[in-house]
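Printed here is protein21.txt (compact mmCIF, C-alpha atoms (C1' of nucleotides)):
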```txt
# COMPACT_ATOMS: atom_id res chain seq x y z
CA MET A 253 19.43 -16.59 -58.43
CA ASP A 254 17.47 -13.47 -57.43
CA THR A 255 13.72 -13.34 -57.24
CA PRO A 256 12.12 -11.24 -59.96
CA ALA A 257 11.39 -8.49 -57.44
CA VAL A 258 15.02 -8.31 -56.38
CA ALA A 259 16.26 -8.38 -59.96
CA LEU A 260 13.94 -5.50 -60.75
CA MET A 261 15.13 -3.40 -57.83
CA ARG A 262 18.78 -4.10 -58.50
CA THR A 263 18.48 -3.17 -62.16
CA SER A 264 16.49 -0.08 -61.38
CA ASP A 265 19.05 1.09 -58.85
CA LEU A 266 21.90 0.64 -61.29
CA ILE A 267 20.15 2.68 -63.95
CA ARG A 268 19.14 5.30 -61.43
CA ARG A 269 22.77 5.64 -60.52
CA ALA A 270 23.98 5.86 -64.10
CA VAL A 271 21.50 8.62 -64.85
CA ALA A 272 22.13 10.43 -61.58
CA VAL A 273 25.82 10.83 -62.41
CA VAL A 274 24.96 12.92 -65.45
CA ILE A 275 22.44 15.06 -63.62
CA ASP A 276 24.50 15.62 -60.49
CA ALA A 277 27.22 17.05 -62.70
CA GLN A 278 24.91 20.04 -63.27
CA GLY A 279 24.42 20.63 -59.57
CA ILE A 280 20.94 19.21 -59.16
CA THR A 281 19.72 15.80 -58.05
CA LEU A 282 17.66 13.26 -59.94
CA GLN A 283 14.53 14.18 -58.02
CA GLN A 284 15.04 17.89 -58.58
CA TYR A 285 15.46 17.10 -62.27
CA ASN A 286 12.19 15.19 -62.24
CA VAL A 287 10.34 18.11 -60.71
CA LEU A 288 11.78 20.49 -63.27
CA ARG A 289 10.71 18.22 -66.12
CA ILE A 290 7.21 18.03 -64.76
CA LEU A 291 7.06 21.79 -64.47
CA ARG A 292 8.40 22.29 -67.95
CA GLY A 293 5.69 19.99 -69.22
CA ALA A 294 3.08 22.04 -67.40
CA GLY A 295 4.06 25.23 -69.21
CA ALA A 296 3.43 28.80 -68.16
CA ASP A 297 0.38 28.02 -66.03
CA GLY A 298 2.50 26.07 -63.59
CA LEU A 299 1.12 23.46 -61.23
CA PRO A 300 -0.09 23.41 -57.63
CA THR A 301 2.35 21.74 -55.26
CA LEU A 302 0.49 18.50 -54.71
CA GLU A 303 -0.09 17.98 -58.42
CA ILE A 304 3.66 17.71 -58.78
CA ALA A 305 3.84 15.18 -55.98
CA GLU A 306 1.22 13.05 -57.68
CA ARG A 307 3.15 12.92 -60.92
CA MET A 308 6.22 11.81 -59.07
CA ILE A 309 5.79 8.60 -57.12
CA GLU A 310 6.29 10.41 -53.92
CA GLN A 311 4.27 10.84 -50.77
CA THR A 312 3.21 14.44 -50.35
CA PRO A 313 5.37 15.83 -47.53
CA GLY A 314 8.67 15.50 -49.36
CA ILE A 315 7.67 17.74 -52.21
CA THR A 316 7.63 20.92 -50.14
CA ARG A 317 11.29 20.71 -49.23
CA LEU A 318 12.24 19.61 -52.72
CA LEU A 319 10.62 22.78 -54.03
CA ASP A 320 12.26 24.81 -51.26
CA ARG A 321 15.66 23.74 -52.56
CA LEU A 322 14.74 24.40 -56.18
CA GLU A 323 13.42 27.82 -55.29
CA ALA A 324 16.62 28.59 -53.36
CA LYS A 325 18.54 27.78 -56.55
CA LYS A 326 16.19 30.07 -58.48
CA LEU A 327 15.11 27.22 -60.75
CA VAL A 328 11.43 27.52 -59.83
CA ARG A 329 9.14 30.31 -58.59
CA ARG A 330 6.18 29.86 -56.27
CA GLU A 331 3.23 32.04 -55.48
CA ARG A 332 -0.06 31.64 -53.68
CA CYS A 333 -2.90 31.08 -56.04
CA PRO A 334 -5.12 34.20 -55.86
CA THR A 335 -8.41 32.38 -56.43
CA ASP A 336 -7.74 29.64 -53.89
CA ARG A 337 -5.30 30.82 -51.31
CA ARG A 338 -4.66 27.31 -50.03
CA GLN A 339 -2.85 26.41 -53.20
CA VAL A 340 0.68 27.34 -54.14
CA THR A 341 1.37 27.55 -57.85
CA CYS A 342 4.83 26.45 -58.95
CA ARG A 343 6.48 27.43 -62.22
CA ILE A 344 9.84 26.66 -63.75
CA SER A 345 12.07 29.72 -64.19
CA GLY A 346 14.17 30.75 -67.17
CA ASP A 347 17.25 29.42 -65.42
CA GLY A 348 15.44 26.17 -64.85
CA LEU A 349 14.54 25.85 -68.51
CA LYS A 350 18.12 26.57 -69.52
CA LEU A 351 19.46 23.96 -67.14
CA LEU A 352 16.99 21.36 -68.42
CA ALA A 353 17.83 22.13 -72.02
CA GLY A 354 21.46 21.35 -71.30
CA LEU A 355 20.53 18.05 -69.68
CA ASP A 356 18.08 16.67 -72.22
CA GLY A 357 20.73 15.24 -74.51
CA PRO A 358 23.11 13.80 -71.92
CA VAL A 359 20.29 12.19 -69.93
CA ALA A 360 18.79 10.55 -73.01
CA GLU A 361 22.24 9.33 -73.96
CA ALA A 362 22.90 7.92 -70.49
CA GLU A 363 19.60 6.03 -70.63
CA ARG A 364 20.44 4.76 -74.07
CA VAL A 365 23.83 3.49 -72.96
CA ALA A 366 22.38 1.94 -69.82
CA LEU A 367 19.97 -0.09 -71.90
CA SER A 368 22.26 -0.75 -74.83
CA GLY A 369 22.48 -4.41 -73.92
CA LEU A 370 18.96 -4.97 -75.24
CA THR A 371 17.79 -5.06 -78.83
CA PRO A 372 14.91 -2.78 -79.82
CA HIS A 373 12.60 -5.76 -79.77
CA GLN A 374 13.73 -6.73 -76.29
CA LEU A 375 13.20 -3.15 -75.13
CA GLU A 376 9.62 -3.33 -76.33
CA GLN A 377 9.15 -6.61 -74.53
CA LEU A 378 10.60 -5.17 -71.37
CA ILE A 379 8.34 -2.13 -71.45
CA ALA A 380 5.31 -4.31 -72.07
CA LEU A 381 6.13 -6.57 -69.14
CA LEU A 382 6.74 -3.63 -66.84
CA ASP A 383 3.50 -1.93 -67.86
CA ARG A 384 1.60 -5.11 -67.24
CA THR A 385 3.18 -5.45 -63.83
CA ARG A 386 2.33 -1.90 -62.85
CA ASN A 387 -1.23 -2.26 -64.01
CA SER A 388 -1.86 -5.32 -61.93
CA LEU A 389 -0.07 -3.75 -58.97
CA HIS A 390 -2.23 -0.66 -59.20
CA ALA A 391 -5.31 -2.84 -59.32
CA ALA A 392 -4.15 -4.76 -56.24
CA LEU A 393 -3.51 -1.51 -54.37
CA ALA A 394 -6.91 -0.16 -55.35
CA ARG A 395 -8.55 -3.31 -53.99
CA ARG A 396 -6.71 -2.91 -50.74
CA VAL A 397 -7.81 0.72 -50.46
CA GLU A 398 -11.44 -0.27 -50.99
CA ILE A 399 -11.19 -2.89 -48.29
CA THR A 400 -9.64 -0.57 -45.72
CA GLN A 401 -12.23 2.07 -46.53
CA GLU A 402 -15.02 -0.39 -46.02
CA ALA A 403 -13.51 -1.43 -42.75
CA SER A 404 -13.37 2.12 -41.40
CA MET B 268 4.71 7.03 -72.90
CA ASP B 269 7.60 6.54 -70.47
CA THR B 270 11.10 5.70 -71.56
CA PRO B 271 12.19 2.19 -70.59
CA ALA B 272 14.40 3.60 -67.84
CA VAL B 273 11.48 5.49 -66.30
CA ALA B 274 9.16 2.49 -66.58
CA LEU B 275 11.76 0.41 -64.80
CA MET B 276 12.17 2.86 -61.96
CA ARG B 277 8.44 3.37 -61.53
CA THR B 278 7.77 -0.35 -61.41
CA SER B 279 10.64 -0.97 -59.05
CA ASP B 280 9.41 1.74 -56.69
CA LEU B 281 5.91 0.30 -56.62
CA ILE B 282 7.17 -3.16 -55.75
CA ARG B 283 9.58 -1.78 -53.20
CA ARG B 284 6.65 -0.09 -51.55
CA ALA B 285 4.46 -3.18 -51.57
CA VAL B 286 7.19 -5.24 -49.94
CA ALA B 287 8.16 -2.50 -47.48
CA VAL B 288 4.64 -2.43 -46.06
CA VAL B 289 4.97 -6.03 -44.91
CA ILE B 290 8.44 -5.53 -43.43
CA ASP B 291 7.71 -2.24 -41.70
CA ALA B 292 4.90 -3.97 -39.85
CA GLN B 293 7.60 -5.88 -37.95
CA GLY B 294 9.41 -2.71 -36.92
CA ILE B 295 12.33 -2.86 -39.32
CA THR B 296 12.91 -1.26 -42.70
CA LEU B 297 13.49 -2.88 -46.06
CA GLN B 298 17.21 -2.16 -45.91
CA GLN B 299 17.53 -3.52 -42.39
CA TYR B 300 15.74 -6.62 -43.60
CA ASN B 301 18.22 -6.94 -46.47
CA VAL B 302 21.16 -6.74 -44.10
CA LEU B 303 19.65 -9.38 -41.84
CA ARG B 304 19.10 -11.72 -44.78
CA ILE B 305 22.67 -11.30 -45.90
CA LEU B 306 23.91 -12.06 -42.40
CA ARG B 307 21.68 -15.08 -42.07
CA GLY B 308 23.12 -16.35 -45.33
CA ALA B 309 26.63 -15.86 -43.98
CA GLY B 310 25.99 -18.11 -40.98
CA ALA B 311 27.85 -18.23 -37.71
CA ASP B 312 31.10 -16.83 -39.10
CA GLY B 313 29.46 -13.51 -39.79
CA LEU B 314 30.76 -10.98 -42.28
CA PRO B 315 33.02 -7.93 -42.12
CA THR B 316 31.15 -4.66 -42.46
CA LEU B 317 32.14 -3.80 -46.00
CA GLU B 318 31.32 -7.25 -47.28
CA ILE B 319 27.73 -6.55 -46.35
CA ALA B 320 27.79 -3.24 -48.16
CA GLU B 321 29.06 -4.95 -51.30
CA ARG B 322 26.23 -7.43 -51.33
CA MET B 323 23.73 -4.63 -51.03
CA ILE B 324 23.88 -2.07 -53.81
CA GLU B 325 24.96 0.57 -51.43
CA GLN B 326 27.93 2.87 -51.14
CA THR B 327 30.01 2.06 -48.09
CA PRO B 328 29.33 4.89 -45.63
CA GLY B 329 25.67 4.08 -45.14
CA ILE B 330 26.25 0.58 -43.89
CA THR B 331 27.81 1.67 -40.61
CA ARG B 332 24.73 3.52 -39.45
CA LEU B 333 22.45 0.80 -40.73
CA LEU B 334 24.33 -1.67 -38.54
CA ASP B 335 24.28 0.79 -35.64
CA ARG B 336 20.49 0.73 -35.71
CA LEU B 337 20.32 -3.03 -36.03
CA GLU B 338 22.72 -3.44 -33.14
CA ALA B 339 20.64 -1.04 -31.04
CA LYS B 340 17.65 -3.29 -31.70
CA LYS B 341 19.77 -6.30 -30.69
CA LEU B 342 19.24 -7.94 -34.06
CA VAL B 343 22.96 -8.11 -34.84
CA ARG B 344 26.18 -8.25 -32.82
CA ARG B 345 29.50 -6.73 -33.84
CA GLU B 346 33.03 -7.30 -32.67
CA ARG B 347 36.48 -6.36 -33.85
CA CYS B 348 38.15 -9.15 -35.72
CA PRO B 349 41.08 -10.38 -33.59
CA THR B 350 43.37 -11.28 -36.49
CA ASP B 351 42.85 -8.00 -38.37
CA ARG B 352 41.78 -5.30 -36.00
CA ARG B 353 40.67 -3.01 -38.80
CA GLN B 354 37.75 -5.27 -39.56
CA VAL B 355 34.50 -5.49 -37.65
CA THR B 356 32.74 -8.83 -37.83
CA CYS B 357 28.94 -8.68 -37.89
CA ARG B 358 26.66 -11.57 -36.98
CA ILE B 359 22.92 -11.92 -36.83
CA SER B 360 21.53 -12.58 -33.33
CA GLY B 361 18.94 -15.10 -32.20
CA ASP B 362 16.35 -12.33 -32.10
CA GLY B 363 17.33 -11.41 -35.63
CA LEU B 364 16.86 -14.96 -36.84
CA LYS B 365 13.48 -15.16 -35.17
CA LEU B 366 12.34 -11.91 -36.74
CA LEU B 367 13.47 -13.06 -40.18
CA ALA B 368 11.75 -16.40 -39.80
CA GLY B 369 8.47 -14.59 -39.21
CA LEU B 370 8.98 -12.45 -42.32
CA ASP B 371 10.02 -15.08 -44.85
CA GLY B 372 6.50 -16.16 -45.71
CA PRO B 373 4.80 -12.77 -45.82
CA VAL B 374 7.58 -11.21 -47.90
CA ALA B 375 7.51 -14.02 -50.45
CA GLU B 376 3.75 -13.70 -50.60
CA ALA B 377 3.92 -9.93 -51.10
CA GLU B 378 6.37 -10.40 -53.96
CA ARG B 379 4.17 -13.06 -55.47
CA VAL B 380 1.11 -10.82 -55.35
CA ALA B 381 3.05 -7.87 -56.68
CA LEU B 382 4.04 -9.87 -59.74
CA SER B 383 0.84 -11.83 -60.11
CA GLY B 384 -0.01 -9.95 -63.29
CA LEU B 385 2.61 -11.95 -65.19
CA THR B 386 2.48 -15.55 -66.27
CA PRO B 387 5.38 -17.82 -65.26
CA HIS B 388 6.72 -17.59 -68.79
CA GLN B 389 6.58 -13.80 -68.70
CA LEU B 390 8.36 -13.78 -65.37
CA GLU B 391 11.18 -15.78 -66.92
CA GLN B 392 11.35 -13.36 -69.80
CA LEU B 393 11.43 -10.43 -67.43
CA ILE B 394 14.24 -11.88 -65.36
CA ALA B 395 16.23 -12.67 -68.48
CA LEU B 396 15.85 -9.12 -69.80
CA LEU B 397 16.80 -7.62 -66.46
CA ASP B 398 19.84 -9.85 -66.11
CA ARG B 399 20.98 -8.95 -69.58
CA THR B 400 20.57 -5.26 -68.79
CA ARG B 401 22.58 -5.51 -65.60
CA ASN B 402 25.35 -7.42 -67.29
CA SER B 403 25.81 -4.83 -69.97
CA LEU B 404 25.53 -2.03 -67.41
CA HIS B 405 28.23 -3.60 -65.29
CA ALA B 406 30.41 -3.94 -68.33
CA ALA B 407 29.86 -0.28 -69.20
CA LEU B 408 30.72 0.79 -65.67
CA ALA B 409 33.86 -1.35 -65.68
CA ARG B 410 34.96 0.32 -68.90
CA ARG B 411 34.43 3.72 -67.39
CA VAL B 412 36.47 2.78 -64.32
CA GLU B 413 39.33 1.62 -66.51
CA ILE B 414 39.27 4.86 -68.40
CA THR B 415 39.29 7.08 -65.35
CA GLN B 416 42.06 5.01 -63.82
CA GLU B 417 44.15 5.39 -66.93
CA ALA B 418 43.55 9.11 -66.90
CA SER B 419 44.71 9.53 -63.32
C1' DG C 60 62.55 -2.60 -39.33
C1' DC C 61 60.73 1.96 -40.67
C1' DG C 62 58.06 5.26 -43.31
C1' DA C 63 54.50 5.50 -46.83
C1' DA C 64 50.64 3.73 -49.07
C1' DA C 65 46.61 0.79 -48.86
C1' DT C 66 42.64 -1.07 -46.33
C1' DG C 67 38.55 -1.02 -43.27
C1' DC C 68 35.60 1.62 -41.16
C1' DT C 69 33.52 5.90 -39.11
C1' DT C 70 31.85 10.73 -38.96
C1' DG C 71 29.82 15.10 -40.73
C1' DA C 72 26.91 17.34 -43.83
C1' DC C 73 23.35 17.31 -47.11
C1' DT C 74 19.34 15.26 -49.90
C1' DC C 75 15.41 12.55 -50.00
C1' DG C 76 11.23 9.43 -48.46
C1' DT C 77 7.82 8.85 -45.06
C1' DC C 78 4.83 9.20 -41.00
C1' DA C 79 2.22 12.02 -37.79
C1' DA C 80 0.64 16.29 -36.42
C1' DC C 81 -0.47 21.05 -37.47
C1' DT C 82 -2.11 25.57 -39.93
C1' DA C 83 -4.74 28.00 -43.19
C1' DT C 84 -8.31 28.23 -46.30
C1' DC C 85 -12.49 26.86 -48.67
C1' DG C 86 -17.21 24.97 -49.07
C1' DA C 87 -21.43 23.41 -47.51
C1' DC C 88 -25.11 23.55 -44.59
C1' DA C 89 -27.98 24.93 -40.78
C1' DT D 144 -23.45 34.13 -40.83
C1' DG D 145 -21.11 30.83 -38.05
C1' DT D 146 -19.53 26.28 -37.58
C1' DC D 147 -17.84 21.82 -39.33
C1' DG D 148 -15.50 19.00 -42.44
C1' DA D 149 -12.57 18.60 -46.38
C1' DT D 150 -8.52 20.27 -48.94
C1' DA D 151 -3.65 22.24 -49.68
C1' DG D 152 0.37 22.64 -47.81
C1' DT D 153 3.94 22.83 -44.07
C1' DT D 154 6.80 21.23 -40.16
C1' DG D 155 9.24 17.87 -37.08
C1' DA D 156 11.45 13.68 -36.64
C1' DC D 157 13.73 9.68 -38.17
C1' DG D 158 15.73 6.14 -41.66
C1' DA D 159 18.50 6.00 -45.49
C1' DG D 160 21.98 7.14 -49.70
C1' DT D 161 26.07 9.69 -50.82
C1' DC D 162 30.19 12.58 -50.90
C1' DA D 163 34.37 14.18 -48.67
C1' DA D 164 37.35 13.76 -44.83
C1' DG D 165 39.36 11.46 -41.09
C1' DC D 166 41.35 7.64 -37.90
C1' DA D 167 43.21 3.10 -37.01
C1' DT D 168 45.62 -0.73 -38.52
C1' DT D 169 48.07 -3.36 -41.75
C1' DT D 170 51.18 -4.22 -45.46
C1' DC D 171 54.68 -3.20 -48.72
C1' DG D 172 59.13 -1.34 -50.47
C1' DC D 173 63.41 -0.37 -49.43
```

Spell out the structure here as structure tokens.
Amino acid sequence: MDTPAVALMRTSDLIRRAVAVVIDAQGITLQQYNVLRILRGAGADGLPTLEIAERMIEQTPGITRLLDRLEAKKLVRRERCPTDRRQVTCRISGDGLKLLAGLDGPVAEAERVALSGLTPHQLEQLIALLDRTRNSLHAALARRVEITQEAS
Amino acid sequence: MDTPAVALMRTSDLIRRAVAVVIDAQGITLQQYNVLRILRGAGADGLPTLEIAERMIEQTPGITRLLDRLEAKKLVRRERCPTDRRQVTCRISGDGLKLLAGLDGPVAEAERVALSGLTPHQLEQLIALLDRTRNSLHAALARRVEITQEAS
DNA sequence: GCGAAATGCTTGACTCGTCAACTATCGACA
DNA sequence: TGTCGATAGTTGACGAGTCAAGCATTTCGC
């Protein structure tokens, strides 16, 4: 009944919700969790602010306030980069790592349950179809960017 | 590299964005567009406020303000239901219908382009996998509701 | 037919996404 | 060295999602 696009968004929202329940229980939001995971992956060197934004899907301005809230909760630390004072280096704190460690299992389990209606083979199929979709979407966006740049 | 859940959310966000560009150009947001489509589908009888919320994915409180903005733009009208004065009946206006009519084509085209990386057969597969996922997710949620109700 | 519970909706407070505009810093080049 | 353009990030403003609380109105049990 739904178009593929609508089906995709509906399904995504349901899963988002299922996962968010688990994360909210620890006092942070899904997006804050995403930032923390990115920072954990970056290790002790940390990451400049906009690098984090790029790895999320987000447009840049939102990331500042997201980090503000995480810093207020003492889950990340920020400091001006000494070699390039425009940049702000962000690092996950010990508290942040502890919080993440407690969430790894429950989040994986929530995802597993959310997708438990599919067989392993179907999961592979799904991933493949989604990857293909994203690739062609990225290509389409890139084309559009070229065109607008030419026009300017 | 991504888990299926992450791939799903990333893909959904990209498509959401591609579609939103087209809709924003007409001065309304994706969610406002969704409400208008639901109301157009409901016809002249309109729908009570919470019925609209149910057909979106949304939690109830948001719908009031969404309708506030649509009413301010004169795209919907609202009036208290005379037989049950708790309800507020919402109807799409002539302006709303006109705006939707101008968006039908471009939105369908944007969705088509967004998914143009998949063959028709793959699209069917994708829809089937997504439907299956939602069904099992709904079942899981229903189970959880039962449990919490028993516990209370 | 009256009080209590249920229903339908609204409001307040907070998080997040996004656009436009702004500040600070860096780099290149004259 | 001083200026100009790019880069990194921040701020303001608004739409939206979500929780908890609140206000009518209606319905149900007695």

For chain D, which residues have at least one atom within 9 Å of chain B, if we go by all atoms listed in the file? Write them as a short mmCIF file (atom, residue, chain, number, x, y, z; two decimals) with C-alpha atoms (C1' of nucleotides), in the frame of the given file, please.
```cif
data_model
loop_
_atom_site.label_atom_id
_atom_site.label_comp_id
_atom_site.auth_asym_id
_atom_site.auth_seq_id
_atom_site.Cartn_x
_atom_site.Cartn_y
_atom_site.Cartn_z
"C1'" DG D 158 15.73 6.14 -41.66
"C1'" DA D 159 18.50 6.00 -45.49
"C1'" DG D 160 21.98 7.14 -49.70
"C1'" DT D 161 26.07 9.69 -50.82
"C1'" DA D 167 43.21 3.10 -37.01
"C1'" DT D 168 45.62 -0.73 -38.52
"C1'" DT D 169 48.07 -3.36 -41.75
#
```

**Asked** What is the distance between CA of Ala311 (chain B) and CA of Gly294 (chain B), in Å to one decimal?
**Response** 24.1 Å

Could you give me, as CSV, a per-residue list for chain C showing, wherever an atom lies at most 9 Å from an atom of chain A, the closest pair of atoms and their distance in Å to one decimal, using all atoms listed in the file and sorting by chain then residue number from low to high?
```
residue,atom,partner,partner_atom,distance
C:DT74,C1',A:Thr281,CA,8.2
C:DC75,C1',A:Gly314,CA,7.4
C:DG76,C1',A:Gly314,CA,6.6
C:DT77,C1',A:Gln311,CA,7.0
C:DA83,C1',A:Arg338,CA,6.9
C:DT84,C1',A:Arg338,CA,5.3
C:DC85,C1',A:Asp336,CA,7.6
```

**Polymer residues at most 12 Å from DA79 (chain C), only C-alpha atoms (C1' of nucleotides), same-chain spacing of 6 or more positions, as an MDAnalysis selection string** = (chainID A and resid 313) or (chainID D and resid 154:157)

Residues within 12 Å of DC166 (chain D), all atoms listed in the file, excluding chain neighbours under 5 positions, as a short mmCIF file (atom, residue, chain, number, x, y, z; two decimals) with C-alpha atoms (C1' of nucleotides), in the frame of the given file:
```cif
data_model
loop_
_atom_site.label_atom_id
_atom_site.label_comp_id
_atom_site.auth_asym_id
_atom_site.auth_seq_id
_atom_site.Cartn_x
_atom_site.Cartn_y
_atom_site.Cartn_z
CA ARG B 353 40.67 -3.01 -38.80
"C1'" DG C 67 38.55 -1.02 -43.27
"C1'" DC C 68 35.60 1.62 -41.16
"C1'" DT C 69 33.52 5.90 -39.11
"C1'" DT C 70 31.85 10.73 -38.96
#
```

**Item:** Residues within 12 Å of (28.9, -13.1, -46.0), file coords, all atoms listed in the file, listed as a count of residues only
**Value:** 26

**Request:** Just need the residues of chain B within 8 Å of chain A, counting only C-alpha atoms, so spit them out as number ranges by chain.
**Result:** B: 271-272, 274-283, 324, 378, 381-385, 389-390, 393-394, 396-404, 407

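In this structure, C1' of DA163 (chain D) sits 28.7 Å away from CA of Arg344 (chain B).
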
**Message:** If I take CA of Leu297 (chain B) and CA of Val374 (chain B), how far is one from the other in Å, to one decimal?
**Reply:**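 That distance, rounded to one decimal, is 10.4 Å.
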
Six-sided padding of 6 Å per side, axis-aligned box over region 64-69 of chain C, centre and edges in Å, one decimal, as JSON:
```
{"center_x": 42.1, "center_y": 2.4, "center_z": -44.1, "size_x": 29.1, "size_y": 19.0, "size_z": 22.0}
```
